[in-house]
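Since the structure comes first, as structure tokens, the remarks are kept for the end.
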Amino acid sequence: MQHNAIAELVLENRGDKDLYVFVYDLGPCWQVENANHGTYIVVNPQHNGERDKRTRKKLRMMIPDQMRGKGRRSCEDILKVFVTSQPTSFDLLELPRLGGQAKTPEADKTRREGGDELENWAAMNFSIHISLQGDTGR
């Protein structure tokens, strides 16, 4: 992708229960950032007769300023997507920007609402190569 372009993550739930999606950006400067700027995205199931009920998450892909300042013309980002059957928390995965402060344990306000129901989850990685205009090499 080109620097400053918009990537779109398209989510579709073909099941019969809500799904909870967590998106983290594992950036090239060793940061782990919650791309939702919140806890999770709820993806509701499609019901009979509904067409194209998809949830979309747009993300601006950029080469960090500190990398461009050092002459880097490309980088790799990894989007880590967790899908769970119940609300949960991945706050402990988040790392602050270099020099920043970590979250405190009381920052986790997510409450488990599923009771004793079996929790299912999946995790996927999407590797994205970002480059400045005209740069095709890695």
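Each chain of the structure tokens is named A, B, ... in the order shown, its residues numbered from 1; ligands are numbered from 1 in display order.
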Give me the residues near A:Val21 as a PyMOL selection string, where near means some atom within 10 Å (using only C-alpha atoms) and where sequence neighbours in that chain fewer than 6 positions away do not count.
chain A and resi 11+36+39-43+81-88+121-123
**Message:** One decimal, in Å: what's the spacing between atom CA of A:Arg72 and atom CA of A:His37?
**Reply:**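 According to the coordinates, atom CA of A:Arg72 and atom CA of A:His37 are separated by 27.2 Å.
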Counting only C-alpha atoms, closest pick from A:Ala35, A:Leu132, A:Phe22, A:Met124 relative to A:Leu59 is A:Ala35
For this session: Return the single residue from A:Ser89, A:Met62, A:Leu19, A:Leu118 that is closest to A:Asn34, with distances computed using only C-alpha atoms.
Result: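 Of A:Ser89, A:Met62, A:Leu19, A:Leu118, the one nearest A:Asn34 is A:Ser89, counting only C-alpha atoms.
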Which of these, A:Arg56, A:Gln31, A:Leu26, A:Arg73, has the shortest distance to A:Asn13 once you count only C-alpha atoms?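 The answer is A:Arg56, which sits nearest to A:Asn13.
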Atomic distance atom CA of A:Asp18 - atom CA of A:Asn44, expressed in Å with one decimal:
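Atom CA of A:Asn44 lies 4.7 Å from atom CA of A:Asp18.
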Could you jot down the atom CA of A:Val32 to atom CA of A:Met1 separation for me, Å, one decimal place?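 Calculated distance between atom CA of A:Val32 and atom CA of A:Met1 is 20.0 Å.
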**For A:Arg60: contacts at 7 Å, only C-alpha atoms, fewer than 6 positions along chain excluded, given as a PyMOL selection string** = chain A and resi 4-7
Residue subset to file, keeping C-alpha atoms, as a PDB file, in the first residue's frame:
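What landed in again01.pdb:
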```pdb
ATOM      1  CA  ASN A   4      -1.095   7.481   3.930  1.00  0.00           C
ATOM      2  CA  ALA A   5      -3.554   5.215   2.041  1.00  0.00           C
ATOM      3  CA  ILE A   6      -6.662   3.748   3.679  1.00  0.00           C
ATOM      4  CA  ALA A   7      -6.922  -0.014   4.258  1.00  0.00           C
TER       5      ALA A   7
END
```
Could you find all residues in stretch 48-86 of chain A that DSSP calls alpha helix (DSSP H) from the backbone, and write them as a PDB file with C-alpha atoms, in the first residue's frame?
```
ATOM      1  CA  ASP A  65       7.683   9.886  11.055  1.00  0.00           C
ATOM      2  CA  GLN A  66      10.794   8.627  12.848  1.00  0.00           C
ATOM      3  CA  MET A  67      11.410   6.049  10.101  1.00  0.00           C
ATOM      4  CA  ARG A  68      10.885   8.558   7.277  1.00  0.00           C
ATOM      5  CA  GLY A  69      13.201  10.965   9.122  1.00  0.00           C
TER       6      GLY A  69
END
```
* Hey, which of A:Leu79, A:Lys57, A:Asn125, A:Pro64 ends up closest to A:Pro28? Count only C-alpha atoms. ->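 Looking at the shortest contact to A:Pro28, the residue is A:Pro64.
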Can you list, as a list in words, every residue of stretch 26-93 of chain A that DSSP puts in strand (DSSP E)?
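Those in stretch 26-93 of chain A that DSSP calls strand (DSSP E) are Leu26, Val32, Glu33, Asn34, Ile41, Val42, Val43, Thr55, Arg56, Lys57, Lys58, Leu59, Arg60, Met61, Ser74, Cys75, Glu76, Asp77, Ile78, Leu79, Lys80, Val81, Phe82, Val83 and Thr84 of chain A.
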